[in-house]
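Novice: Just target35.cif, nothing more (mmCIF, C-alpha atoms and all ligand atoms):
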```cif
data_work
loop_
_atom_site.label_atom_id
_atom_site.label_comp_id
_atom_site.auth_asym_id
_atom_site.auth_seq_id
_atom_site.Cartn_x
_atom_site.Cartn_y
_atom_site.Cartn_z
CA MET B 11 0.00 0.00 0.00
CA ILE B 12 1.09 3.55 -0.78
CA CYS B 13 0.75 6.57 1.57
CA ARG B 14 -2.16 8.80 0.55
CA LYS B 15 -0.02 11.95 0.95
CA CYS B 16 3.30 10.94 -0.61
CA ASP B 17 4.50 7.97 -2.62
CA ALA B 18 6.25 6.20 0.23
CA LEU B 19 5.30 2.75 1.40
CA ALA B 20 2.38 3.03 3.84
CA THR B 21 2.71 1.63 7.37
CA ILE B 22 -0.43 2.85 9.10
CA LEU B 23 -4.10 2.26 8.34
CA ILE B 24 -6.60 4.66 9.92
CA ARG B 25 -10.28 3.78 10.29
CA LYS B 26 -9.71 0.82 7.97
CA GLU B 27 -9.67 3.32 5.14
CA TYR B 28 -6.70 5.71 4.99
CA TRP B 29 -3.10 4.59 4.52
CA TYR B 30 -0.17 6.74 5.72
CA CYS B 31 3.59 6.49 6.01
CA ASN B 32 5.02 7.29 9.47
CA THR B 33 6.12 10.82 8.51
CA CYS B 34 2.84 11.86 6.89
CA PHE B 35 0.87 10.34 9.76
CA THR B 36 2.78 12.41 12.34
CA THR B 37 2.41 15.55 10.22
CA ASN B 38 -1.31 14.89 9.83
CA THR B 39 -1.83 14.47 13.59
CA ASN B 40 0.01 17.74 14.26
CA HIS B 41 -2.11 19.36 11.60
CA LYS B 42 -5.37 18.16 13.20
CA PHE B 43 -4.28 19.63 16.52
CA ARG B 44 -3.34 22.99 14.99
CA ALA B 45 -6.43 23.14 12.77
CA CYS B 46 -8.62 22.63 15.82
CA LEU B 47 -6.91 25.49 17.66
CA GLY B 48 -6.89 27.62 14.52
CA LYS B 49 -10.65 27.52 14.30
CA SER B 50 -10.87 29.29 17.62
CA LYS B 51 -9.56 32.70 16.79
CA THR B 52 -9.57 33.66 20.43
CA ILE B 53 -6.07 32.58 21.42
CA SER B 54 -3.99 35.71 21.26
CA SER B 55 -0.23 35.83 20.86
CA ASN B 56 1.70 34.87 24.01
CA GLU B 57 -1.48 33.70 25.69
CA LYS B 58 -0.85 31.90 28.99
CA VAL B 59 -2.32 28.41 28.73
CA LEU B 60 -2.73 25.82 31.48
CA ILE B 61 -2.17 22.33 30.05
CA CYS B 62 -3.52 19.44 32.07
CA LEU B 63 -1.57 16.18 31.95
CA SER B 64 -2.44 12.78 33.42
CA GLY B 65 0.60 10.89 32.15
CA GLY B 66 -1.66 8.64 30.04
CA ALA B 67 -1.33 8.10 26.29
CA GLU B 68 -3.59 11.01 25.26
CA SER B 69 -1.85 13.42 27.62
CA THR B 70 1.56 12.22 26.38
CA VAL B 71 0.56 13.03 22.81
CA LEU B 72 -0.80 16.45 23.84
CA LEU B 73 2.52 17.25 25.52
CA ASP B 74 4.42 16.26 22.37
CA LEU B 75 2.09 18.25 20.09
CA VAL B 76 2.44 21.38 22.24
CA HIS B 77 6.21 20.98 22.28
CA SER B 78 6.35 20.54 18.49
CA GLY B 79 4.16 23.62 18.08
CA ILE B 80 6.13 26.00 20.25
CA THR B 81 9.55 24.88 18.93
CA LEU B 82 8.56 25.65 15.33
CA ASN B 83 9.83 28.84 13.74
CA GLY B 84 8.11 31.44 11.64
CA THR B 85 4.41 31.78 11.04
CA LYS B 86 3.61 28.22 12.05
CA LYS B 87 4.92 28.64 15.58
CA LEU B 88 2.37 28.02 18.35
CA ARG B 89 2.56 31.28 20.27
CA ILE B 90 1.46 30.35 23.77
CA ILE B 91 3.14 30.37 27.19
CA PRO B 92 2.38 26.91 28.56
CA PHE B 93 1.98 25.95 32.23
CA PHE B 94 1.64 22.26 33.02
CA LEU B 95 -0.53 20.70 35.71
CA HIS B 96 -0.96 17.16 37.04
CA ILE B 97 -3.65 16.15 39.52
CA ILE B 98 -2.92 13.17 41.77
CA GLU B 99 -6.17 11.23 41.92
CA THR B 100 -5.49 8.69 44.64
CA THR B 101 -3.71 8.79 47.98
CA THR B 102 -2.14 5.43 47.20
CA GLU B 103 1.41 4.87 45.96
CA GLU B 104 0.10 4.62 42.41
CA GLY B 105 -0.88 8.30 42.49
CA THR B 106 2.63 9.43 43.44
CA LYS B 107 4.13 7.11 40.83
CA LYS B 108 2.02 8.66 38.07
CA ALA B 109 2.94 12.17 39.22
CA ASN B 110 6.66 11.32 39.17
CA PHE B 111 6.33 9.78 35.73
CA THR B 112 4.56 12.87 34.34
CA MET B 113 7.24 15.06 35.88
CA GLU B 114 9.94 13.05 34.11
CA GLN B 115 8.05 13.39 30.83
CA CYS B 116 7.96 17.18 31.22
CA LYS B 117 11.63 17.29 32.16
CA GLN B 118 12.52 15.66 28.84
CA TYR B 119 10.94 18.63 27.07
CA ASN B 120 12.40 21.11 29.57
CA PHE B 121 9.00 21.99 30.99
CA ASN B 122 8.08 22.54 34.65
CA LEU B 123 5.14 20.63 36.10
CA TYR B 124 2.83 21.77 38.88
CA VAL B 125 1.39 18.92 40.92
CA ILE B 126 -1.67 19.11 43.14
CA ASN B 127 -3.87 16.52 44.81
CA ILE B 128 -7.53 15.98 44.00
CA GLU B 129 -8.18 16.46 47.73
CA ASP B 130 -7.20 20.12 47.23
CA TYR B 131 -10.77 20.54 46.03
CA TYR B 132 -11.60 20.87 49.71
CA SER B 133 -8.80 23.30 50.47
CA THR B 134 -9.95 26.66 51.77
CA ASN B 135 -6.59 28.36 51.08
CA ASN B 136 -6.54 31.07 48.47
CA ASN B 137 -3.59 29.47 46.71
CA ILE B 138 -3.16 25.74 46.46
CA LEU B 139 -0.09 25.52 44.24
CA SER B 140 3.29 24.68 45.72
CA ASN B 141 6.58 25.01 43.83
CA PRO B 142 6.71 23.26 40.44
CA ASN B 143 8.37 19.84 40.20
CA THR B 144 7.51 18.91 43.78
CA ILE B 145 4.92 16.44 45.00
CA PRO B 146 2.69 17.95 47.67
CA LYS B 147 1.65 15.96 50.72
CA THR B 148 -1.97 15.74 51.71
CA LYS B 149 -3.65 14.30 54.75
CA SER B 150 -7.16 14.66 53.45
CA LYS B 151 -8.89 11.54 52.14
CA ILE B 152 -12.36 12.84 51.41
CA VAL B 153 -12.41 12.06 47.69
CA ASN B 154 -10.87 8.67 48.35
CA ASN B 155 -13.61 7.92 50.84
CA ILE B 156 -16.21 8.91 48.29
CA ARG B 157 -14.68 6.36 45.92
CA LEU B 158 -15.23 3.64 48.51
CA ASN B 159 -18.78 4.66 49.31
CA VAL B 160 -20.60 5.44 46.09
CA SER B 161 -21.23 3.51 42.89
CA PRO B 162 -18.49 3.65 40.23
CA SER B 163 -20.85 5.46 37.83
CA ILE B 164 -21.37 8.31 40.28
CA TYR B 165 -17.69 8.39 41.23
CA HIS B 166 -16.53 8.72 37.59
CA ASP B 167 -19.02 11.49 36.96
CA LEU B 168 -18.07 13.33 40.14
CA VAL B 169 -14.32 13.13 39.52
CA ILE B 170 -14.75 14.78 36.10
CA LYS B 171 -16.59 17.67 37.79
CA ILE B 172 -14.03 17.99 40.60
CA LYS B 173 -11.09 18.00 38.17
CA ARG B 174 -12.77 20.61 35.99
CA HIS B 175 -13.24 22.78 39.06
CA LEU B 176 -9.55 22.40 39.96
CA PHE B 177 -8.40 23.20 36.38
CA LEU B 178 -10.30 26.49 36.58
CA ARG B 179 -9.03 27.31 40.05
CA ILE B 180 -5.37 26.70 39.13
CA ALA B 181 -5.78 28.56 35.83
CA LYS B 182 -6.93 31.59 37.81
CA GLU B 183 -4.06 31.19 40.25
CA LEU B 184 -1.60 31.24 37.32
CA ASN B 185 -3.44 33.99 35.42
CA CYS B 186 -4.29 31.71 32.50
CA LYS B 187 -7.47 32.46 30.58
CA ILE B 188 -7.23 29.26 28.56
CA VAL B 189 -6.96 25.60 29.62
CA PHE B 190 -6.10 22.68 27.30
CA THR B 191 -7.30 19.18 28.15
CA ALA B 192 -6.46 16.01 26.20
CA GLU B 193 -9.82 14.40 25.40
CA THR B 194 -9.89 12.57 22.06
CA THR B 195 -12.84 11.88 19.75
CA THR B 196 -13.14 8.43 21.31
CA GLN B 197 -13.23 9.73 24.88
CA LEU B 198 -15.71 12.45 24.00
CA ALA B 199 -18.00 9.91 22.33
CA LYS B 200 -17.95 7.89 25.55
CA ARG B 201 -18.68 10.99 27.60
CA LEU B 202 -21.54 11.93 25.31
CA LEU B 203 -23.23 8.57 25.81
CA SER B 204 -22.57 8.66 29.59
CA ASN B 205 -23.95 12.19 29.79
CA LEU B 206 -27.16 11.16 28.10
CA ALA B 207 -27.54 8.18 30.42
CA LEU B 208 -26.85 10.27 33.54
CA GLY B 209 -29.40 12.96 32.70
CA ARG B 210 -26.84 15.51 31.58
CA GLY B 211 -28.18 15.84 28.06
CA SER B 212 -28.54 19.61 28.23
CA GLN B 213 -24.86 19.92 29.20
CA VAL B 214 -23.54 18.18 26.08
CA GLU B 215 -22.43 21.37 24.34
CA ASN B 216 -19.97 22.33 27.09
CA ASP B 217 -19.00 18.81 28.10
CA ILE B 218 -18.30 17.43 24.62
CA GLY B 219 -17.70 20.38 22.30
CA PHE B 220 -14.39 22.10 21.54
CA ALA B 221 -14.85 24.76 24.19
CA ASP B 222 -16.32 24.66 27.67
CA GLN B 223 -17.48 28.23 28.21
CA ARG B 224 -19.39 27.85 31.45
CA ASP B 225 -16.83 29.85 33.39
CA LYS B 226 -16.87 33.58 32.73
CA SER B 227 -13.11 34.21 32.86
CA VAL B 228 -11.47 30.90 31.87
CA ARG B 229 -12.25 28.73 28.83
CA ILE B 230 -11.42 25.05 28.69
CA LEU B 231 -10.46 23.95 25.16
CA ARG B 232 -10.13 20.40 23.78
CA PRO B 233 -7.67 20.71 20.90
CA MET B 234 -7.40 16.92 20.44
CA LYS B 235 -11.10 16.42 19.85
CA ASP B 236 -10.58 15.42 16.19
CA ILE B 237 -7.95 12.80 17.01
CA MET B 238 -9.14 9.24 17.68
CA ASN B 239 -7.61 6.81 20.17
CA GLU B 240 -6.51 4.64 17.27
CA GLU B 241 -4.32 7.54 16.13
CA ILE B 242 -3.04 8.09 19.68
CA ASP B 243 -1.88 4.46 19.76
CA TYR B 244 0.00 4.83 16.47
CA PHE B 245 1.45 8.21 17.46
CA VAL B 246 3.07 6.96 20.68
CA LYS B 247 4.38 3.93 18.78
CA VAL B 248 5.83 5.92 15.87
CA LYS B 249 7.42 8.54 18.14
CA GLN B 250 8.39 5.93 20.75
CA LEU B 251 6.81 7.83 23.62
CA SER B 252 6.30 6.11 26.94
CA TYR B 253 3.20 6.72 29.05
CA VAL B 254 1.35 5.44 32.09
CA HIS B 255 -1.31 2.83 31.45
CA ASP B 256 -4.58 3.94 32.95
CA TYR B 257 -6.19 1.28 35.11
CA SER B 258 -8.63 3.66 36.76
CA ASN B 259 -11.45 2.46 34.51
CA THR B 260 -13.06 -0.11 36.70
CA LYS B 261 -14.65 -3.21 35.27
CA ILE B 262 -18.07 -2.22 36.56
CA GLY B 263 -20.33 0.76 36.23
CA LEU B 264 -22.12 2.56 33.49
CA GLN B 265 -19.01 4.19 32.01
CA SER B 266 -17.24 0.87 31.65
CA VAL B 267 -20.21 -0.63 29.80
CA ILE B 268 -20.15 2.38 27.47
CA ASN B 269 -16.39 2.05 27.17
CA ASN B 270 -16.71 -1.56 25.99
CA PHE B 271 -19.43 -0.60 23.55
CA VAL B 272 -17.36 2.20 21.99
CA VAL B 273 -14.14 0.17 21.86
CA ASP B 274 -16.06 -2.62 20.22
CA LEU B 275 -17.43 -0.26 17.57
CA GLN B 276 -13.98 1.04 16.83
CA ASP B 277 -12.21 -2.30 16.71
CA ASN B 278 -14.81 -4.13 14.71
CA ASN B 279 -16.94 -3.21 11.81
CA TYR B 280 -17.87 0.36 12.47
CA PRO B 281 -14.71 2.44 12.92
CA SER B 282 -16.40 5.62 11.66
CA THR B 283 -19.35 5.54 14.05
CA ILE B 284 -17.53 7.27 16.92
CA PHE B 285 -16.53 10.02 14.57
CA THR B 286 -20.13 10.43 13.46
CA VAL B 287 -21.42 10.44 17.04
CA CYS B 288 -19.11 13.34 17.92
CA LYS B 289 -19.90 15.26 14.75
CA ILE B 290 -23.55 15.11 15.69
CA ALA B 291 -22.76 16.26 19.23
CA ASP B 292 -20.89 19.21 17.75
CA LYS B 293 -24.07 20.36 16.10
CA ILE B 294 -26.10 20.21 19.29
CA GLY B 295 -26.14 23.74 20.59
CA SER B 296 -28.17 25.10 23.39
CA ASN B 297 -30.62 27.91 22.94
CA GLU B 298 -30.24 28.99 26.51
CA ASN B 299 -30.18 32.68 27.10
CA THR B 300 -27.10 33.34 29.15
CA THR B 301 -28.25 36.40 31.00
CA ASP B 302 -29.75 36.05 34.42
CA VAL B 303 -29.46 32.30 34.83
CA LYS B 304 -28.70 30.20 37.88
CA ASN B 305 -25.71 27.90 37.66
CA CYS B 306 -25.02 24.59 39.37
CA THR B 307 -22.49 24.90 42.23
CA LEU B 308 -20.70 21.76 41.20
CA CYS B 309 -20.61 21.80 37.38
CA GLN B 310 -21.59 25.40 36.57
CA SER B 311 -24.28 24.28 34.14
CA ASN B 312 -27.41 26.33 33.70
CA ILE B 313 -30.07 25.08 36.12
CA THR B 314 -32.82 27.51 35.36
CA LEU B 315 -35.96 25.46 35.01
CA GLN B 316 -37.65 26.57 31.82
CA SER B 317 -39.28 23.54 30.36
CA GLY B 318 -43.03 23.45 30.52
CA ASN B 319 -42.99 19.73 29.85
CA LEU B 320 -42.79 17.09 32.50
CA THR B 321 -39.10 16.34 33.10
CA ALA B 322 -37.39 13.11 34.17
CA VAL B 323 -37.06 14.50 37.69
CA GLU B 324 -40.74 15.17 38.01
CA ALA B 325 -41.58 11.77 36.60
CA THR B 326 -39.27 10.08 39.10
CA ILE B 327 -40.69 11.98 42.05
CA PHE B 328 -44.22 11.24 40.90
CA SER B 329 -43.62 7.52 40.58
CA ARG B 330 -41.96 7.53 43.98
CA LYS B 331 -45.05 9.13 45.46
CA MET B 332 -47.17 6.54 43.76
CA CYS B 333 -45.13 3.84 45.46
CA PHE B 334 -45.28 5.21 48.97
CA LYS B 335 -48.75 6.60 49.27
CA GLN B 336 -51.93 6.93 47.37
CA ALA B 337 -51.57 9.50 44.70
CA ASP B 338 -54.33 11.08 42.75
CA ALA B 339 -54.38 13.25 39.71
CA HIS B 340 -53.87 16.40 41.80
CA ASP B 341 -50.53 15.13 43.02
CA LYS B 342 -49.08 15.54 39.61
CA ILE B 343 -49.66 19.26 39.74
CA GLU B 344 -48.55 19.51 43.35
CA VAL B 345 -45.33 17.61 42.66
CA THR B 346 -44.28 19.83 39.81
CA GLN B 347 -44.92 22.90 41.91
CA ASN B 348 -42.84 21.68 44.80
CA ILE B 349 -39.81 20.74 42.84
CA SER B 350 -37.86 23.92 43.21
CA GLU B 351 -38.59 24.21 46.92
CA ASP B 352 -35.80 21.92 48.03
CA LYS B 353 -38.13 19.72 50.00
CA ASN B 354 -37.30 16.58 48.18
CA PRO B 355 -34.83 14.23 49.83
CA MET B 356 -34.52 12.31 46.60
CA PHE B 357 -33.00 15.24 44.73
CA PRO B 358 -31.38 17.51 47.33
CA SER B 359 -30.94 21.17 46.38
CA ILE B 360 -32.26 20.52 42.91
CA TYR B 361 -32.70 23.69 40.82
CA GLU B 362 -31.52 25.71 43.83
CA THR B 363 -27.78 25.11 43.85
CA LEU B 364 -27.47 21.85 41.89
CA CYS B 365 -28.50 20.60 38.46
CA TYR B 366 -30.32 17.28 38.05
CA GLY B 367 -27.13 15.24 37.47
CA CYS B 368 -25.23 16.74 40.40
CA SER B 369 -28.23 16.57 42.72
CA ARG B 370 -28.60 12.88 41.98
CA ASN B 371 -24.91 12.38 42.77
CA TYR B 372 -25.29 14.38 45.96
CA SER B 373 -28.12 12.16 47.14
CA GLU B 374 -25.65 9.27 47.21
CA LEU B 375 -23.07 11.32 49.03
CA ASP B 376 -24.64 11.86 52.42
CA ILE B 377 -21.59 10.42 54.14
CA CYS B 378 -19.33 13.02 52.64
CA LYS B 379 -19.96 16.64 51.98
CA ILE B 380 -19.71 18.71 48.86
CA PRO B 381 -18.43 22.17 49.79
CA HIS B 382 -20.56 25.18 49.00
ZN ZN B 401 3.67 9.75 3.29
ZN ZN B 402 -24.32 20.23 38.08
#
```
Please lay out the structure from this file as structure tokens.
Ligand SMILES: [Zn+2]
Ligand SMILES: [Zn+2]
Specialist:
Amino acid sequence: MICRKCDALATILIRKEYWYCNTCFTTNTNHKFRACLGKSKTISSNEKVLICLSGGAESTVLLDLVHSGITLNGTKKLRIIPFFLHIIETTTEEGTKKANFTMEQCKQYNFNLYVINIEDYYSTNNNILSNPNTIPKTKSKIVNNIRLNVSPSIYHDLVIKIKRHLFLRIAKELNCKIVFTAETTTQLAKRLLSNLALGRGSQVENDIGFADQRDKSVRILRPMKDIMNEEIDYFVKVKQLSYVHDYSNTKIGLQSVINNFVVDLQDNNYPSTIFTVCKIADKIGSNENTTDVKNCTLCQSNITLQSGNLTAVEATIFSRKMCFKQADAHDKIEVTQNISEDKNPMFPSIYETLCYGCSRNYSELDICKIPH
């Protein structure tokens, strides 16, 4: 087979359709990354950007793409001032190991790495960063206790929200108005399906699209959103990059079922489906008006109740009522009226401080507290 860009012998087959040689494949991946950033004309020259790294394959590729971009000369140079951040997710030895590995990766490119712990979410200090290239110690184990006490589905969902919150907080501490995260097409497709299943359908635009614009001063961008995991695998192989294998995906829970489903699609007969799923998600916009809306404390999504139709929440509360006491037709009206009054133990603080998804999480979290 011959490379579709040059006449060299092809070595890589993407989506069972496109053949590339190693060189053209690497160039193409860099191009996808830059094209994605190019579309957002909002990154100004010498913009400070916080880049979030986990040490996994996707993050390893992001680090390499950023490095390639800023070491270029001339008009193609990526003109940003990068700051790198790693969040330790567990208090076990594995967490420290990952942090050390990511630090070594950054050192190879001559970059400094800030390391914080996920438990810093509960820190009341104004600044949570310590010096770069050091591993902070933490005594708190709140998030780790949550992991032990709630279902894996809820834990996965919650960790995404907590990390997002920390990205924004550190970005503000470092005066960055932009954050880069390393989600690929494949990961975003999985998140899209999880979001729909968890009742976060209205949040798809900010959770899956190129830019998360829920925060007023910092925007989270996903410049790898057009790169699939298949390409990540080839990229680390071709460039001989080492990375940490991520075992945090448990074998149980909603997200792991979705994970298997998506991986199966990609590996078997339908390699283009994931791509299509994300393209569709791209087109889903929200017609929310952004003035004078209430936002969820945990995920910053719009929680203003506008729909005149019966929602999933109301339906759930109604069927619960039906189970526990006699309900008549009037209850339906009464239930919908009471929803925003925070009287319902099933969905604590719903539409007051939390959105449906976060409220449902919170109801499982009575042993641990979410800060205000
Ligand atoms: Zn080629
Ligand atoms: Zn929320």
Novice: Can you tell me, as a list in words, what residues are no more than 10 Å from stretch 14-16 of chain B when counting only C-alpha atoms, ignoring any on the same chain fewer than 4 positions away?
Specialist: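 Result of the neighbour search: Ala20, Tyr28, Trp29, Tyr30, Cys31, Thr33, Cys34, Phe35 and Asn38 of chain B.
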Novice: All residues within 6 Å of ligand ZN 402 (chain B) are required, counting only C-alpha atoms and all ligand atoms; please report them as a ChimeraX atom specification.
Specialist: /B:306,308-309,311,364-365,367-368
Novice: Counting only C-alpha atoms, what is within 9 Å of B:Lys187, bar same-chain residues fewer than 3 positions away, as a ChimeraX atom specification?
Specialist: /B:57-60,178,181-182,227-230
Novice: Using all atoms listed in the file, which residue out of B:Ala199, B:Ile327, B:Val303, B:Ile237 lies closest to B:Ile284?
Specialist: B:Ala199
Novice: One number please: atom CA of B:Glu193 to atom CA of B:Leu23, in Å, one decimal.
Specialist: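 Between atom CA of B:Glu193 and atom CA of B:Leu23 the gap works out to 21.7 Å.
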Novice: Would you be able to write out as a compact mmCIF listing (two decimals) with C-alpha atoms, in the frame of the given file which residues have an atom within 8 Å of (-6.8, 7.0, 22.5) in the file's coordinates, counting all atoms listed in the file?
Specialist:
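The result, stored in selection25.txt:
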```txt
# COMPACT_ATOMS: atom_id res chain seq x y z
CA ALA B 67 -1.33 8.10 26.29
CA GLU B 68 -3.59 11.01 25.26
CA THR B 194 -9.89 12.57 22.06
CA THR B 196 -13.14 8.43 21.31
CA GLN B 197 -13.23 9.73 24.88
CA MET B 238 -9.14 9.24 17.68
CA ASN B 239 -7.61 6.81 20.17
CA GLU B 240 -6.51 4.64 17.27
CA GLU B 241 -4.32 7.54 16.13
CA ILE B 242 -3.04 8.09 19.68
CA ASP B 243 -1.88 4.46 19.76
```
Novice: Please determine, counting only C-alpha atoms and all ligand atoms, which residue among B:Asp274, B:Asp256, B:Glu362, B:Asp17 has the shortest atom-to-atom distance to ligand ZN 401 (chain B).
Specialist: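 Closest residue, counting only C-alpha atoms and all ligand atoms: B:Asp17.
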Novice: So which residues fall inside 10 Å of (-22.4, 7.4, 42.2) if we count all atoms listed in the file? Mind giving them as a VMD selection string?
Specialist: chain B and resid 156 to 157 159 to 168 263 to 264 368 370 to 375
